[in-house]
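Colleague: Below you'll find start-v8.txt; it's compact mmCIF, C-alpha atoms and all ligand atoms.
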# COMPACT_ATOMS: atom_id res chain seq x y z
CA MET A 1 221.97 66.64 142.47
CA ALA A 2 222.76 69.77 140.51
CA LYS A 3 222.70 72.89 142.66
CA LEU A 4 220.94 76.09 141.58
CA GLU A 5 223.47 78.19 143.48
CA HIS A 6 226.17 76.66 141.25
CA ARG A 7 224.25 77.29 138.02
CA ARG A 8 226.65 78.34 135.26
CA THR A 9 226.11 81.87 134.03
CA GLU A 10 226.46 80.59 130.45
CA ASN A 11 223.06 78.85 130.66
CA ILE A 12 220.12 80.54 128.95
CA PRO A 13 217.41 81.52 131.51
CA GLY A 14 214.76 78.86 132.13
CA ASP A 15 214.06 75.57 133.83
CA PHE A 16 217.00 73.40 132.69
CA TYR A 17 220.56 74.34 133.64
CA VAL A 18 224.07 72.91 134.01
CA ASP A 19 226.06 73.65 137.15
CA THR A 20 229.78 74.19 137.65
CA THR A 21 230.54 70.51 138.44
CA CYS A 22 230.32 69.55 134.73
CA ILE A 23 233.39 67.55 133.59
CA ASP A 24 232.81 68.25 129.88
CA CYS A 25 232.30 64.58 128.93
CA ASP A 26 230.00 65.56 126.00
CA ALA A 27 227.30 62.99 126.86
CA CYS A 28 224.42 65.50 127.21
CA ARG A 29 225.36 67.28 123.97
CA GLY A 30 225.12 64.00 122.06
CA LEU A 31 221.83 63.00 123.70
CA ALA A 32 220.04 66.36 123.49
CA PRO A 33 221.91 68.52 120.96
CA GLU A 34 218.99 70.94 120.63
CA VAL A 35 219.32 71.86 124.32
CA PHE A 36 222.97 71.54 125.38
CA THR A 37 226.13 73.00 123.90
CA ALA A 38 229.80 73.41 124.80
CA VAL A 39 230.91 76.78 126.10
CA GLY A 40 233.91 77.72 128.18
CA GLY A 41 235.17 74.14 128.61
CA GLN A 42 231.88 72.84 130.03
CA SER A 43 228.31 72.28 128.91
CA ALA A 44 225.47 74.77 129.18
CA VAL A 45 221.82 75.02 128.11
CA TYR A 46 221.61 77.21 125.00
CA ALA A 47 217.92 76.57 124.25
CA GLN A 48 215.25 75.43 126.68
CA PRO A 49 213.26 72.39 125.46
CA GLN A 50 210.24 73.52 123.44
CA THR A 51 208.59 70.22 122.59
CA LYS A 52 207.67 67.12 124.58
CA GLU A 53 210.34 65.16 122.71
CA GLN A 54 213.05 67.76 123.43
CA ARG A 55 212.12 67.75 127.13
CA HIS A 56 212.27 63.96 127.19
CA GLN A 57 215.74 64.00 125.59
CA ALA A 58 216.89 66.62 128.10
CA LEU A 59 215.68 64.39 130.96
CA ILE A 60 217.51 61.43 129.38
CA ALA A 61 220.66 63.59 129.41
CA LEU A 62 220.02 64.69 132.99
CA THR A 63 219.79 61.03 134.07
CA ALA A 64 222.83 59.96 132.05
CA CYS A 65 225.10 62.77 133.31
CA PRO A 66 227.94 61.15 135.29
CA THR A 67 228.28 64.03 137.75
CA ALA A 68 224.64 65.01 138.29
CA SER A 69 225.51 68.41 136.87
CA ILE A 70 222.18 68.95 135.08
CA GLY A 71 219.17 70.19 136.99
CA THR A 72 215.72 71.72 136.65
CA GLU A 73 214.49 74.70 138.66
CA LYS A 74 211.19 72.94 139.31
CA PRO A 75 210.89 69.20 140.09
CA ASP A 76 209.92 67.39 136.88
CA PRO A 77 206.98 64.97 137.25
CA ASP A 78 208.34 62.76 134.44
CA LEU A 79 211.82 62.27 135.87
CA GLY A 80 210.94 59.10 137.78
CA HIS A 81 209.62 57.48 134.60
CA VAL A 82 212.69 58.50 132.62
CA ARG A 83 215.04 57.05 135.28
CA ALA A 84 213.22 53.72 134.98
CA GLU A 85 213.37 53.74 131.17
CA PHE A 86 216.99 52.69 130.90
CA PRO A 87 218.32 50.74 129.11
CA VAL A 88 216.84 52.59 126.14
CA PRO A 89 216.32 50.59 122.92
CA MET A 90 218.43 51.74 119.97
CA ASP A 91 217.31 48.90 117.73
CA GLU A 92 214.38 46.83 119.05
CA GLU A 93 214.74 44.13 116.40
CA ASP A 94 218.36 43.34 117.24
CA GLY A 95 218.02 43.93 120.99
CA VAL A 96 220.64 46.68 121.16
CA LEU A 97 220.09 49.09 124.05
CA TYR A 98 221.89 52.10 125.52
CA CYS A 99 222.41 51.95 129.30
CA GLY A 100 222.65 55.66 130.18
CA TYR A 101 223.89 56.21 133.76
CA HIS A 102 227.41 57.17 132.69
CA SER A 103 230.08 56.89 135.36
CA GLU A 104 232.54 59.58 136.39
CA LYS A 105 235.03 56.72 136.94
CA SER A 106 235.13 56.24 133.15
CA PHE A 107 234.96 60.00 132.48
CA GLY A 108 231.37 59.66 131.38
CA ALA A 109 231.76 56.87 128.81
CA ALA A 110 228.63 55.27 127.33
CA SER A 111 227.79 51.59 127.85
CA TYR A 112 225.41 49.27 126.04
CA PHE A 113 223.29 46.17 126.68
CA LEU A 114 222.62 43.36 124.21
CA LYS A 115 219.49 41.28 124.74
CA ARG A 116 220.25 37.84 123.30
CA GLU A 117 218.75 34.36 123.51
CA SER A 118 222.21 32.94 124.08
CA GLY A 119 222.93 35.25 127.04
CA ASN A 120 222.77 38.99 127.57
CA ILE A 121 225.90 41.10 127.29
CA LEU A 122 226.94 44.36 128.87
CA ILE A 123 229.39 46.32 126.71
CA ASP A 124 231.50 48.43 129.08
CA CYS A 125 230.15 49.29 132.47
CA PRO A 126 227.67 51.95 133.63
CA ARG A 127 227.68 53.43 137.11
CA GLU A 128 225.83 51.72 139.93
CA ALA A 129 222.19 52.73 139.57
CA SER A 130 219.35 50.78 141.18
CA PRO A 131 216.70 51.56 138.48
CA LEU A 132 219.06 50.24 135.79
CA ILE A 133 220.06 47.17 137.79
CA LYS A 134 216.40 46.35 138.43
CA ARG A 135 215.54 46.69 134.76
CA LEU A 136 218.51 44.59 133.61
CA GLY A 137 217.31 41.89 136.00
CA GLU A 138 213.83 42.03 134.43
CA LEU A 139 215.41 41.68 131.00
CA GLY A 140 217.12 38.44 132.03
CA GLY A 141 220.27 39.67 133.75
CA VAL A 142 223.81 39.79 132.36
CA SER A 143 225.85 36.72 131.50
CA ARG A 144 228.96 38.52 130.20
CA MET A 145 230.51 41.93 130.58
CA LEU A 146 232.83 42.75 127.68
CA LEU A 147 235.20 45.66 128.33
CA THR A 148 236.53 47.54 125.31
CA HIS A 149 239.50 48.78 127.34
CA GLY A 150 240.75 49.47 130.81
CA ASP A 151 239.34 53.01 131.15
CA ASP A 152 235.70 51.96 131.09
CA VAL A 153 235.37 49.33 133.83
CA ALA A 154 233.48 51.74 136.20
CA ASP A 155 231.40 49.84 138.80
CA HIS A 156 232.12 46.40 137.32
CA SER A 157 232.18 44.63 140.70
CA VAL A 158 228.59 45.76 141.48
CA TYR A 159 227.24 44.25 138.25
CA HIS A 160 229.40 41.15 138.63
CA GLN A 161 228.11 40.53 142.16
CA ARG A 162 224.47 41.17 141.21
CA PHE A 163 224.40 39.10 138.01
CA GLY A 164 227.40 36.76 138.29
CA CYS A 165 228.54 37.89 134.84
CA GLU A 166 232.01 36.96 133.58
CA ARG A 167 234.19 40.00 133.01
CA TRP A 168 236.25 39.91 129.80
CA ILE A 169 239.08 42.28 128.96
CA HIS A 170 242.15 42.08 126.75
CA GLU A 171 245.33 40.90 128.46
CA GLY A 172 247.01 44.18 127.42
CA ASP A 173 244.68 46.12 129.75
CA ARG A 174 244.51 43.55 132.52
CA SER A 175 246.10 45.90 135.05
CA ALA A 176 242.81 47.86 135.05
CA LEU A 177 240.78 44.77 135.96
CA ARG A 178 242.80 42.19 137.85
CA GLU A 179 239.55 40.45 138.85
CA ALA A 180 238.63 39.64 135.21
CA GLU A 181 237.44 36.06 134.83
CA GLN A 182 238.38 35.88 131.13
CA LEU A 183 241.04 37.46 128.93
CA PHE A 184 241.18 38.17 125.22
CA LYS A 185 244.68 37.33 124.00
CA GLY A 186 246.85 38.30 121.05
CA SER A 187 246.21 40.59 118.10
CA GLU A 188 244.05 38.34 115.90
CA PRO A 189 240.25 38.56 115.76
CA ILE A 190 238.35 36.15 118.00
CA ASP A 191 234.94 34.63 117.18
CA LEU A 192 233.43 34.77 120.64
CA ASP A 193 230.03 33.55 119.41
CA LYS A 194 228.55 33.23 115.96
CA ASP A 195 227.15 36.77 116.30
CA MET A 196 230.12 38.46 118.02
CA VAL A 197 233.67 39.05 116.80
CA ILE A 198 236.30 40.52 119.10
CA ILE A 199 238.74 42.72 117.13
CA PRO A 200 241.88 43.77 119.04
CA VAL A 201 242.66 47.38 118.12
CA SER A 202 245.74 48.28 120.10
CA GLY A 203 246.48 52.01 120.11
CA HIS A 204 244.32 54.11 122.43
CA THR A 205 245.41 51.63 125.09
CA ARG A 206 247.58 48.56 124.61
CA GLY A 207 244.62 46.21 125.04
CA SER A 208 241.81 48.13 123.33
CA CYS A 209 239.25 46.02 121.46
CA CYS A 210 236.26 46.64 119.22
CA PHE A 211 233.28 44.29 119.35
CA LEU A 212 231.42 43.56 116.11
CA TYR A 213 227.88 42.33 116.73
CA ARG A 214 225.86 40.74 113.91
CA ASN A 215 228.13 42.37 111.33
CA LYS A 216 226.14 45.53 111.94
CA TYR A 217 227.06 47.16 115.25
CA LEU A 218 230.67 48.06 116.03
CA PHE A 219 231.27 48.93 119.68
CA THR A 220 234.45 50.95 119.63
CA GLY A 221 235.24 52.14 123.16
CA ASP A 222 237.64 55.06 122.69
CA HIS A 223 239.17 53.75 119.46
CA LEU A 224 236.80 55.35 116.95
CA ALA A 225 233.89 57.82 117.11
CA PHE A 226 232.06 60.41 115.06
CA SER A 227 233.09 64.03 115.52
CA HIS A 228 230.13 66.38 115.38
CA ARG A 229 232.46 69.36 114.98
CA ARG A 230 234.55 67.85 112.17
CA GLY A 231 231.66 66.03 110.52
CA HIS A 232 233.49 62.71 110.08
CA LEU A 233 234.72 59.61 111.88
CA TYR A 234 237.87 60.27 113.86
CA ALA A 235 240.11 59.07 116.69
CA PHE A 236 241.25 60.92 119.80
CA ARG A 237 244.77 62.07 118.91
CA ASP A 238 245.13 63.99 122.18
CA ALA A 239 243.86 61.06 124.24
CA CYS A 240 245.98 58.28 122.73
CA TRP A 241 247.56 56.67 125.78
CA TYR A 242 249.62 53.91 124.09
CA SER A 243 250.62 54.31 120.41
CA TRP A 244 249.20 56.50 117.63
CA SER A 245 251.00 54.51 114.89
CA LYS A 246 249.50 51.27 116.23
CA GLN A 247 246.09 52.90 116.42
CA ILE A 248 246.35 53.80 112.72
CA GLU A 249 247.28 50.19 111.87
CA SER A 250 244.35 48.96 113.97
CA MET A 251 242.01 51.39 112.20
CA GLU A 252 243.11 50.09 108.79
CA ARG A 253 242.28 46.55 109.89
CA LEU A 254 238.70 47.59 110.53
CA LEU A 255 238.36 48.15 106.78
CA ASP A 256 238.15 44.34 106.46
CA TYR A 257 234.75 44.39 108.16
CA SER A 258 231.27 45.56 107.30
CA PHE A 259 229.12 47.46 109.79
CA GLU A 260 226.43 50.15 109.86
CA TRP A 261 226.78 51.52 113.38
CA VAL A 262 229.74 52.96 115.26
CA LEU A 263 228.84 52.93 118.97
CA PRO A 264 231.64 54.53 121.00
CA GLY A 265 232.31 55.10 124.67
CA HIS A 266 233.20 58.75 124.10
CA GLY A 267 232.30 60.85 121.09
CA ARG A 268 229.19 60.62 118.97
CA ARG A 269 227.53 57.61 117.41
CA ARG A 270 227.41 57.14 113.65
CA HIS A 271 224.80 55.24 111.62
CA LEU A 272 225.30 54.86 107.87
CA PRO A 273 224.76 52.21 105.18
CA ALA A 274 227.72 49.82 105.32
CA GLY A 275 229.25 51.03 102.03
CA GLU A 276 229.17 54.68 103.10
CA MET A 277 230.58 53.75 106.51
CA LYS A 278 233.55 52.06 104.85
CA GLU A 279 234.25 55.12 102.71
CA GLU A 280 234.09 57.35 105.78
CA LEU A 281 236.41 54.98 107.65
CA LYS A 282 238.92 55.22 104.79
CA ARG A 283 238.81 59.01 105.12
CA CYS A 284 239.35 58.65 108.86
CA VAL A 285 242.51 56.58 108.27
CA GLU A 286 243.85 59.22 105.85
CA TRP A 287 243.02 61.94 108.37
CA MET A 288 244.85 60.02 111.11
CA LYS A 289 247.99 59.69 108.96
CA LEU A 290 248.22 63.48 108.77
CA ARG A 291 248.14 63.87 112.56
S1 LIG B 1 226.73 64.98 130.70
FE1 LIG B 1 227.09 66.16 132.57
S2 LIG B 1 229.33 66.13 132.87
FE2 LIG B 1 228.94 65.48 130.76
S3 LIG B 1 229.11 67.38 129.54
FE3 LIG B 1 226.93 67.13 130.10
S4 LIG B 1 226.65 68.30 132.01
FE4 LIG B 1 228.84 67.97 131.71
Starting from the coordinates I provided, produce the structure as structure tokens.
Modeller:
Amino acid sequence: MAKLEHRRTENIPGDFYVDTTCIDCDACRGLAPEVFTAVGGQSAVYAQPQTKEQRHQALIALTACPTASIGTEKPDPDLGHVRAEFPVPMDEEDGVLYCGYHSEKSFGAASYFLKRESGNILIDCPREASPLIKRLGELGGVSRMLLTHGDDVADHSVYHQRFGCERWIHEGDRSALREAEQLFKGSEPIDLDKDMVIIPVSGHTRGSCCFLYRNKYLFTGDHLAFSHRRGHLYAFRDACWYSWSKQIESMERLLDYSFEWVLPGHGRRRHLPAGEMKEELKRCVEWMKLR
């Protein structure tokens, strides 16, 4: 629970606020950019929600915050409903949902849920949250948990025990998840199912992978994201834990694929027609080579 006595002075007066426990993960700024901004190395409220939709997005951000650093001065009657909303549909037709409930253990990384006839998939792991676990059970449970890399395993054992899902991670990041039931191996793409390709993208970590779903959604972990500040796709040069040169090579290999969505763990999402996405990815590679 956020604490009013720890309210940051950078917040604008009003109901919503961020307290001093914020870890600057950027999640709230991506979810409710009309309310939250970055200031002084943390988030703060720069405009109180004015519309019903803005208030709803601010409550989504409050629920997603990994450190419970967002609060309201008065109890919000809609908060219970919002907590039970997750996972939130991003594309109803393709059954792609956003889990919310970011975990501090993964520094606030996003995770996703795929509703599929051939078995539901969790992409990276949210924090333990009973409303989310209940809802995932109602949606048919989780048969597989695919981890993009070793940083984002969060409360994997809770979800494994509840749903019996197999945990998959690349062998290069196995040290982060010794309990993994399955390993991705090598540097070549793997057709996991007819709708899912595993693309090893060593660089951010040795065993980083991207997951391409239905040739439309690319789940990128911390390999690739959109930068709101720069206005283009980019990679985290200052948070490259293994090899920047390998990460550039891995990024170039993504040019062989077609996709419309970039869905990262950290950083902002990007949605573009496939042709425009490829052009922006080319610019990202050129940008990386100058770093
Ligand atoms: S989601 Fe929470 S921890 Fe992350 S930047 Fe916002 S207030 Fe800070």
Colleague: Produce the centre coordinates and the three edge lengths, each in Å to one decimal, of the box along x, y and z that contains all listed atoms of range 84-97 of chain A with 5 Å added on each side, as lines of an AutoDock Vina configuration file.
Modeller:
center_x = 216.9
center_y = 48.5
center_z = 125.7
size_x = 17.4
size_y = 20.4
size_z = 28.6
Colleague: For Thr148 in chain A, list every protein, DNA or RNA residue within 6 Å, evaluated using all atoms listed in the file, and leave out those in the same chain fewer than 5 positions away; present the list as a PyMOL selection string.
Modeller: chain A and resi 208-209+221
Colleague: Let me make sure I understand: among A:Gly231, A:Gly150, A:Pro273, A:Pro264, which one has the smallest atom-to-atom distance to Phe211 in chain A if we use only C-alpha atoms?
Modeller: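 Checking each candidate against Phe211 in chain A, we get A:Pro264 as the closest.
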Colleague: Would you please work out which residue, of A:Leu79, A:Ala58, A:Leu97, A:Leu212, is nearest to Pro200 in chain A when using all atoms listed in the file?
Modeller: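 Ranking A:Leu79, A:Ala58, A:Leu97, A:Leu212 by distance to Pro200 in chain A, first place goes to A:Leu212.
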Colleague: Env of Ser227 in chain A: 9 Å cut, atoms = only C-alpha atoms, seq-sep filter 5 positions within chain, self excluded. Answer as a ChimeraX atom specification.
Modeller: /A:232-235,267-269
Colleague: Hey, what's within 10 Å of Thr63 in chain A if we count all atoms listed in the file and toss same-chain stuff fewer than 6 positions away? As a list of chain:residue names, please?
Modeller: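 What passes the distance filter is A:Cys28, A:Gln57, A:Ser69, A:Ile70, A:Gly71, A:Leu79, A:Gly80, A:Val82, A:Arg83, A:Ala84, A:Phe86, A:Gly100, A:Tyr101, A:His102.
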Colleague: Under the rule that only C-alpha atoms and all ligand atoms are counted, which of A:Met145, A:Met1, A:Cys125, A:Ala180 is the nearest residue to ligand LIG 1 (chain B)?
Modeller: A:Met1
Colleague: Hey, could you make a per-residue contact list for chain A against ligand LIG 1 (chain B) with 9 Å as the cut-off, showing the nearest pair of atoms and its distance in Å to one decimal, counting all atoms listed in the file, sorted by chain and number, as a Markdown table?
Modeller:
| residue | atom | partner | partner_atom | distance |
| --- | --- | --- | --- | --- |
| A:Tyr17 | CA | B:LIG1 | S4 | 8.7 |
| A:Val18 | CA | B:LIG1 | S4 | 5.6 |
| A:Asp19 | CA | B:LIG1 | S4 | 7.4 |
| A:Thr20 | CA | B:LIG1 | FE4 | 8.7 |
| A:Thr21 | CA | B:LIG1 | S2 | 7.2 |
| A:Cys22 | CA | B:LIG1 | FE4 | 3.7 |
| A:Ile23 | CA | B:LIG1 | S2 | 4.4 |
| A:Asp24 | CA | B:LIG1 | S3 | 3.8 |
| A:Cys25 | CA | B:LIG1 | FE2 | 3.9 |
| A:Asp26 | CA | B:LIG1 | S3 | 4.1 |
| A:Ala27 | CA | B:LIG1 | S1 | 4.4 |
| A:Cys28 | CA | B:LIG1 | FE3 | 4.2 |
| A:Arg29 | CA | B:LIG1 | FE3 | 6.3 |
| A:Gly30 | CA | B:LIG1 | FE3 | 8.8 |
| A:Leu31 | CA | B:LIG1 | S1 | 8.8 |
| A:Phe36 | CA | B:LIG1 | FE3 | 7.6 |
| A:Thr37 | CA | B:LIG1 | S3 | 8.5 |
| A:Ala38 | CA | B:LIG1 | S3 | 7.7 |
| A:Gln42 | CA | B:LIG1 | FE4 | 6.0 |
| A:Ser43 | CA | B:LIG1 | S3 | 5.0 |
| A:Ala44 | CA | B:LIG1 | S4 | 7.2 |
| A:Ala61 | CA | B:LIG1 | S1 | 6.4 |
| A:Leu62 | CA | B:LIG1 | S1 | 7.1 |
| A:Thr63 | CA | B:LIG1 | S1 | 8.7 |
| A:Ala64 | CA | B:LIG1 | S1 | 6.5 |
| A:Cys65 | CA | B:LIG1 | S1 | 3.8 |
| A:Pro66 | CA | B:LIG1 | S2 | 5.7 |
| A:Thr67 | CA | B:LIG1 | S2 | 5.4 |
| A:Ala68 | CA | B:LIG1 | FE1 | 6.3 |
| A:Ser69 | CA | B:LIG1 | S4 | 5.0 |
| A:Ile70 | CA | B:LIG1 | S4 | 5.5 |
| A:His102 | CA | B:LIG1 | S1 | 8.1 |
| A:Glu104 | CA | B:LIG1 | S2 | 8.1 |
| A:Phe107 | CA | B:LIG1 | FE2 | 8.3 |
| A:Gly108 | CA | B:LIG1 | FE2 | 6.3 |
Colleague: Looking at A:Trp287, A:Phe219, A:Phe259, A:Phe184, which one is nearest to Arg167 in chain A, with distances taken over only C-alpha atoms?
Modeller: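 The closest residue to Arg167 in chain A is A:Phe184.
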Colleague: Go through A:His266, A:Arg230, A:Lys115, A:His56 one by one, measure the shortest atom-to-atom distance of each to Ser103 in chain A using all atoms listed in the file, and give the residue with the smallest value.
Modeller: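 That would be A:His266, the residue with the smallest distance to Ser103 in chain A.
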Colleague: Using only C-alpha atoms, which residues sit within 12 Å of Trp168 in chain A once same-chain residues fewer than 3 positions away are excluded, as a count of residues only?
Modeller: 37
Colleague: Using CA of Cys240 in chain A and CA of Asp256 in chain A as the two end points, give the distance in Å to one decimal.
Modeller: 22.8 Å
Colleague: Nearest to Arg162 in chain A: which of A:Glu34, A:Glu117, A:Glu128, A:Asp76 is it, counting all atoms listed in the file?
Modeller: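 When distances to Arg162 in chain A are compared using all atoms listed in the file, the smallest one comes from A:Glu128.
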Colleague: Have a look at CA of Lys216 in chain A and CA of Trp261 in chain A and let me know their distance in Å, one decimal.
Modeller: 6.2 Å
Colleague: Find the distance between CA of Ser245 in chain A and CA of Ser106 in chain A and write it in Å to one decimal.
Modeller: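 So the two atoms, CA of Ser245 in chain A and CA of Ser106 in chain A, lie 24.3 Å apart.
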Colleague: Write out as a PDB file with C-alpha atoms, in the frame of the given file which residues come within 12 Å of Ser258 in chain A when counting all atoms listed in the file, dropping same-chain ones fewer than 3 positions away.
Modeller:
ATOM      1  CA  VAL A 197     233.670  39.050 116.800  1.00  0.00           C
ATOM      2  CA  LEU A 212     231.420  43.560 116.110  1.00  0.00           C
ATOM      3  CA  TYR A 213     227.880  42.330 116.730  1.00  0.00           C
ATOM      4  CA  ARG A 214     225.860  40.740 113.910  1.00  0.00           C
ATOM      5  CA  ASN A 215     228.130  42.370 111.330  1.00  0.00           C
ATOM      6  CA  LYS A 216     226.140  45.530 111.940  1.00  0.00           C
ATOM      7  CA  TYR A 217     227.060  47.160 115.250  1.00  0.00           C
ATOM      8  CA  LEU A 218     230.670  48.060 116.030  1.00  0.00           C
ATOM      9  CA  ARG A 253     242.280  46.550 109.890  1.00  0.00           C
ATOM     10  CA  LEU A 254     238.700  47.590 110.530  1.00  0.00           C
ATOM     11  CA  LEU A 255     238.360  48.150 106.780  1.00  0.00           C
ATOM     12  CA  TRP A 261     226.780  51.520 113.380  1.00  0.00           C
ATOM     13  CA  VAL A 262     229.740  52.960 115.260  1.00  0.00           C
ATOM     14  CA  LEU A 272     225.300  54.860 107.870  1.00  0.00           C
ATOM     15  CA  PRO A 273     224.760  52.210 105.180  1.00  0.00           C
ATOM     16  CA  ALA A 274     227.720  49.820 105.320  1.00  0.00           C
ATOM     17  CA  GLY A 275     229.250  51.030 102.030  1.00  0.00           C
ATOM     18  CA  GLU A 276     229.170  54.680 103.100  1.00  0.00           C
ATOM     19  CA  MET A 277     230.580  53.750 106.510  1.00  0.00           C
ATOM     20  CA  LYS A 278     233.550  52.060 104.850  1.00  0.00           C
ATOM     21  CA  GLU A 279     234.250  55.120 102.710  1.00  0.00           C
ATOM     22  CA  LEU A 281     236.410  54.980 107.650  1.00  0.00           C
TER      23      LEU A 281
END
Colleague: Please complete range 184-200 of chain A so it has N, CA, C and O atoms, and hand it over as an mmCIF file, in the frame of the given file.
Modeller:
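Resulting contents of selection37.cif:
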data_model
loop_
_atom_site.group_PDB
_atom_site.id
_atom_site.type_symbol
_atom_site.label_atom_id
_atom_site.label_comp_id
_atom_site.auth_asym_id
_atom_site.auth_seq_id
_atom_site.Cartn_x
_atom_site.Cartn_y
_atom_site.Cartn_z
ATOM 1 N N PHE A 184 240.915 38.269 126.646
ATOM 2 C CA PHE A 184 241.180 38.170 125.220
ATOM 3 C C PHE A 184 242.695 38.224 125.056
ATOM 4 O O PHE A 184 243.351 39.037 125.717
ATOM 5 N N LYS A 185 243.218 37.381 124.143
ATOM 6 C CA LYS A 185 244.680 37.330 124.000
ATOM 7 C C LYS A 185 245.098 37.539 122.551
ATOM 8 O O LYS A 185 244.389 37.135 121.633
ATOM 9 N N GLY A 186 246.263 38.162 122.375
ATOM 10 C CA GLY A 186 246.850 38.300 121.050
ATOM 11 C C GLY A 186 246.260 39.439 120.252
ATOM 12 O O GLY A 186 245.478 40.266 120.752
ATOM 13 N N SER A 187 246.630 39.483 118.964
ATOM 14 C CA SER A 187 246.210 40.590 118.100
ATOM 15 C C SER A 187 245.259 40.133 116.985
ATOM 16 O O SER A 187 244.831 40.946 116.167
ATOM 17 N N GLU A 188 244.940 38.836 116.957
ATOM 18 C CA GLU A 188 244.050 38.340 115.900
ATOM 19 C C GLU A 188 242.595 38.391 116.353
ATOM 20 O O GLU A 188 242.302 38.247 117.549
ATOM 21 N N PRO A 189 241.669 38.559 115.407
ATOM 22 C CA PRO A 189 240.250 38.560 115.760
ATOM 23 C C PRO A 189 239.821 37.236 116.398
ATOM 24 O O PRO A 189 240.379 36.180 116.080
ATOM 25 N N ILE A 190 238.839 37.322 117.275
ATOM 26 C CA ILE A 190 238.350 36.150 118.000
ATOM 27 C C ILE A 190 236.849 36.032 117.768
ATOM 28 O O ILE A 190 236.106 36.993 118.015
ATOM 29 N N ASP A 191 236.390 34.874 117.289
ATOM 30 C CA ASP A 191 234.940 34.630 117.180
ATOM 31 C C ASP A 191 234.446 34.177 118.539
ATOM 32 O O ASP A 191 234.560 32.999 118.886
ATOM 33 N N LEU A 192 233.875 35.115 119.281
ATOM 34 C CA LEU A 192 233.430 34.770 120.640
ATOM 35 C C LEU A 192 232.176 33.917 120.572
ATOM 36 O O LEU A 192 232.038 32.949 121.301
ATOM 37 N N ASP A 193 231.255 34.304 119.708
ATOM 38 C CA ASP A 193 230.030 33.550 119.410
ATOM 39 C C ASP A 193 229.788 33.735 117.929
ATOM 40 O O ASP A 193 230.470 34.523 117.289
ATOM 41 N N LYS A 194 228.765 33.075 117.401
ATOM 42 C CA LYS A 194 228.550 33.230 115.960
ATOM 43 C C LYS A 194 228.083 34.646 115.607
ATOM 44 O O LYS A 194 228.198 35.062 114.450
ATOM 45 N N ASP A 195 227.600 35.401 116.584
ATOM 46 C CA ASP A 195 227.150 36.770 116.300
ATOM 47 C C ASP A 195 228.087 37.843 116.837
ATOM 48 O O ASP A 195 227.760 39.024 116.793
ATOM 49 N N MET A 196 229.249 37.472 117.367
ATOM 50 C CA MET A 196 230.120 38.460 118.020
ATOM 51 C C MET A 196 231.590 38.184 117.712
ATOM 52 O O MET A 196 232.102 37.104 118.017
ATOM 53 N N VAL A 197 232.234 39.157 117.087
ATOM 54 C CA VAL A 197 233.670 39.050 116.800
ATOM 55 C C VAL A 197 234.410 40.080 117.652
ATOM 56 O O VAL A 197 234.019 41.254 117.694
ATOM 57 N N ILE A 198 235.453 39.633 118.311
ATOM 58 C CA ILE A 198 236.300 40.520 119.100
ATOM 59 C C ILE A 198 237.476 40.931 118.212
ATOM 60 O O ILE A 198 238.201 40.061 117.697
ATOM 61 N N ILE A 199 237.670 42.237 118.009
ATOM 62 C CA ILE A 199 238.740 42.720 117.130
ATOM 63 C C ILE A 199 239.729 43.529 117.974
ATOM 64 O O ILE A 199 239.427 44.670 118.353
ATOM 65 N N PRO A 200 240.888 42.977 118.294
ATOM 66 C CA PRO A 200 241.880 43.770 119.040
ATOM 67 C C PRO A 200 242.321 44.974 118.212
ATOM 68 O O PRO A 200 242.636 44.830 117.019
#
